[in-house]
Amino acid sequence: VVHWSLPLTSLVKTNIGASFSLAQRKGCSRVIIRDEHGQIMGACSCLTFQLPIAFVAKALAVVHGLRFALEMGFLSVILESDSRLVIQKLTASSKDLSEISALIWEAKEFSKLFVDYRQEALIWGIYRYLYFPNFSPLVFCSPSIRCFT
């Protein structure tokens, strides 16, 4: 069972999810923003057509989530995603040359607009968090241990 954890005071947690249909080549991004009390501050979903692979849908969901948080006026956010590979690309200091490089660049540019920006990756559907302040190196955690860099 995966459990959602409260963000630190003064931060909101932007939880990102994506689904993808290969047969229809479409994806759906889902975003829920919660405050430190667990109250939903905003939620949205976005349907996108003509996506080549699920990886693109996951990266696009991150862009949609960051854009939505900015549009809602939040300046201190924790981005939470279940896509470890997208989080790795966001935290990498090297230039991304993958099929999602434009989306990674856009997400990094959006992240610069926040006063406080952090990332957490929910891995393999198990309660495992990775904490990344401002694109620090990736840290792997054992189950149920919250790791900080």
# chains A, B, ... in the order shown; residues from 1 in each chain; ligands from 1

$ select_by_dssp --residues "region 39-113 of chain A" --states "alpha helix (DSSP H)" --output "PDB file with C-alpha atoms, in the first residue's frame"
ATOM      1  CA  ALA A  54       4.452   6.138 -22.067  1.00  0.00           C
ATOM      2  CA  PHE A  55       7.752   7.793 -21.127  1.00  0.00           C
ATOM      3  CA  VAL A  56       6.631  10.969 -22.930  1.00  0.00           C
ATOM      4  CA  ALA A  57       3.301  10.916 -21.062  1.00  0.00           C
ATOM      5  CA  LYS A  58       5.139  10.780 -17.717  1.00  0.00           C
ATOM      6  CA  ALA A  59       7.452  13.669 -18.617  1.00  0.00           C
ATOM      7  CA  LEU A  60       4.528  15.705 -19.929  1.00  0.00           C
ATOM      8  CA  ALA A  61       2.677  15.127 -16.642  1.00  0.00           C
ATOM      9  CA  VAL A  62       5.597  16.724 -14.765  1.00  0.00           C
ATOM     10  CA  VAL A  63       5.451  19.788 -17.029  1.00  0.00           C
ATOM     11  CA  HIS A  64       1.670  20.020 -16.555  1.00  0.00           C
ATOM     12  CA  GLY A  65       2.053  19.718 -12.782  1.00  0.00           C
ATOM     13  CA  LEU A  66       4.691  22.435 -12.503  1.00  0.00           C
ATOM     14  CA  ARG A  67       2.736  24.749 -14.796  1.00  0.00           C
ATOM     15  CA  PHE A  68      -0.446  24.172 -12.772  1.00  0.00           C
ATOM     16  CA  ALA A  69       1.340  24.885  -9.459  1.00  0.00           C
ATOM     17  CA  LEU A  70       2.673  28.154 -10.885  1.00  0.00           C
ATOM     18  CA  GLU A  71      -0.731  29.112 -12.276  1.00  0.00           C
ATOM     19  CA  ARG A  84      12.128   7.398 -11.326  1.00  0.00           C
ATOM     20  CA  LEU A  85      13.636   7.900 -14.780  1.00  0.00           C
ATOM     21  CA  VAL A  86      11.991  11.295 -15.280  1.00  0.00           C
ATOM     22  CA  ILE A  87      13.171  12.397 -11.816  1.00  0.00           C
ATOM     23  CA  GLN A  88      16.694  11.182 -12.665  1.00  0.00           C
ATOM     24  CA  LYS A  89      16.673  13.280 -15.831  1.00  0.00           C
ATOM     25  CA  LEU A  90      15.398  16.315 -13.914  1.00  0.00           C
ATOM     26  CA  THR A  91      18.194  15.952 -11.362  1.00  0.00           C
ATOM     27  CA  SER A 101      14.737  16.259 -23.744  1.00  0.00           C
ATOM     28  CA  ALA A 102      12.478  19.200 -24.670  1.00  0.00           C
ATOM     29  CA  LEU A 103      10.070  18.317 -21.853  1.00  0.00           C
ATOM     30  CA  ILE A 104      12.923  17.917 -19.362  1.00  0.00           C
ATOM     31  CA  TRP A 105      14.289  21.312 -20.389  1.00  0.00           C
ATOM     32  CA  GLU A 106      10.830  22.885 -19.980  1.00  0.00           C
ATOM     33  CA  ALA A 107      10.355  21.298 -16.535  1.00  0.00           C
ATOM     34  CA  LYS A 108      13.780  22.557 -15.405  1.00  0.00           C
ATOM     35  CA  GLU A 109      12.918  26.052 -16.623  1.00  0.00           C
ATOM     36  CA  PHE A 110       9.591  25.988 -14.741  1.00  0.00           C
ATOM     37  CA  SER A 111      11.374  24.797 -11.584  1.00  0.00           C
TER      38      SER A 111
END

$ residues_around --residues "Arg30 (chain A)" --least-positions-apart "4" --cutoff "9 Å" --atoms "only C-alpha atoms" --output "list in words"
Asn15, Ile16, Gly17, Ala18, Ser19, Ala43, Cys44, Ser45, Cys46, Ala61, His64 and Gly65 of chain A

$ write_last_selection --atoms "C-alpha atoms" --output "compact mmCIF listing (two decimals), in the first residue's frame"
# COMPACT_ATOMS: atom_id res chain seq x y z
CA ASN A 15 1.54 14.88 -6.86
CA ILE A 16 1.84 13.93 -10.52
CA GLY A 17 0.40 10.88 -12.24
CA ALA A 18 0.19 9.78 -15.85
CA SER A 19 -1.55 7.07 -17.80
CA ALA A 43 -6.44 19.41 -8.92
CA CYS A 44 -6.47 19.06 -12.68
CA SER A 45 -6.16 16.55 -15.48
CA CYS A 46 -5.08 16.95 -19.06
CA ALA A 61 2.68 15.13 -16.64
CA HIS A 64 1.67 20.02 -16.55
CA GLY A 65 2.05 19.72 -12.78

$ select_by_dssp --residues "region 75-121 of chain A" --states "strand (DSSP E)" --output "MDAnalysis selection string"
chainID A and resid 76:81 116:121

$ write_last_selection --atoms "N, CA and C atoms" --output "mmCIF file, in the first residue's frame"
data_model
loop_
_atom_site.group_PDB
_atom_site.id
_atom_site.type_symbol
_atom_site.label_atom_id
_atom_site.label_comp_id
_atom_site.auth_asym_id
_atom_site.auth_seq_id
_atom_site.Cartn_x
_atom_site.Cartn_y
_atom_site.Cartn_z
ATOM 1 N N SER A 76 6.478 27.583 -3.426
ATOM 2 C CA SER A 76 7.284 26.602 -2.701
ATOM 3 C C SER A 76 6.608 25.248 -2.841
ATOM 4 N N VAL A 77 7.201 24.373 -3.651
ATOM 5 C CA VAL A 77 6.553 23.104 -3.955
ATOM 6 C C VAL A 77 7.495 21.919 -3.814
ATOM 7 N N ILE A 78 6.890 20.771 -3.535
ATOM 8 C CA ILE A 78 7.556 19.479 -3.626
ATOM 9 C C ILE A 78 6.854 18.757 -4.771
ATOM 10 N N LEU A 79 7.601 18.390 -5.772
ATOM 11 C CA LEU A 79 7.055 17.642 -6.894
ATOM 12 C C LEU A 79 7.205 16.162 -6.599
ATOM 13 N N GLU A 80 6.096 15.418 -6.636
ATOM 14 C CA GLU A 80 6.134 13.988 -6.369
ATOM 15 C C GLU A 80 5.663 13.248 -7.614
ATOM 16 N N SER A 81 6.482 12.312 -8.079
ATOM 17 C CA SER A 81 6.164 11.526 -9.264
ATOM 18 C C SER A 81 6.556 10.076 -9.036
ATOM 19 N N ASP A 116 11.146 27.831 -3.609
ATOM 20 C CA ASP A 116 11.643 26.588 -3.017
ATOM 21 C C ASP A 116 11.075 25.444 -3.840
ATOM 22 N N TYR A 117 11.953 24.647 -4.432
ATOM 23 C CA TYR A 117 11.537 23.556 -5.309
ATOM 24 C C TYR A 117 12.270 22.294 -4.920
ATOM 25 N N ARG A 118 11.528 21.227 -4.670
ATOM 26 C CA ARG A 118 12.107 19.935 -4.292
ATOM 27 C C ARG A 118 11.384 18.847 -5.068
ATOM 28 N N GLN A 119 12.013 17.699 -5.165
ATOM 29 C CA GLN A 119 11.425 16.582 -5.895
ATOM 30 C C GLN A 119 11.454 15.337 -5.046
ATOM 31 N N GLU A 120 10.411 14.550 -5.162
ATOM 32 C CA GLU A 120 10.347 13.242 -4.521
ATOM 33 C C GLU A 120 9.876 12.255 -5.565
ATOM 34 N N ALA A 121 10.484 11.095 -5.565
ATOM 35 C CA ALA A 121 10.055 10.044 -6.492
ATOM 36 C C ALA A 121 9.499 8.887 -5.692
#

$ atom_distance --atom1 "CA of Val12 (chain A)" --atom2 "CA of His37 (chain A)"
9.5 Å

$ closest_residue --among "A:Ser83, A:Thr48, A:Ser98, A:Gly73" --to "Cys28 (chain A)" --atoms "only C-alpha atoms"
A:Thr48

$ closest_residue --among "A:Lys13, A:Ile100, A:Ser94, A:Leu51" --to "Ile33 (chain A)" --atoms "only C-alpha atoms"
A:Lys13

$ atom_distance --atom1 "CA of Thr14 (chain A)" --atom2 "CA of Arg34 (chain A)"
6.7 Å

$ atom_distance --atom1 "CA of Arg25 (chain A)" --atom2 "CA of Glu99 (chain A)"
15.7 Å
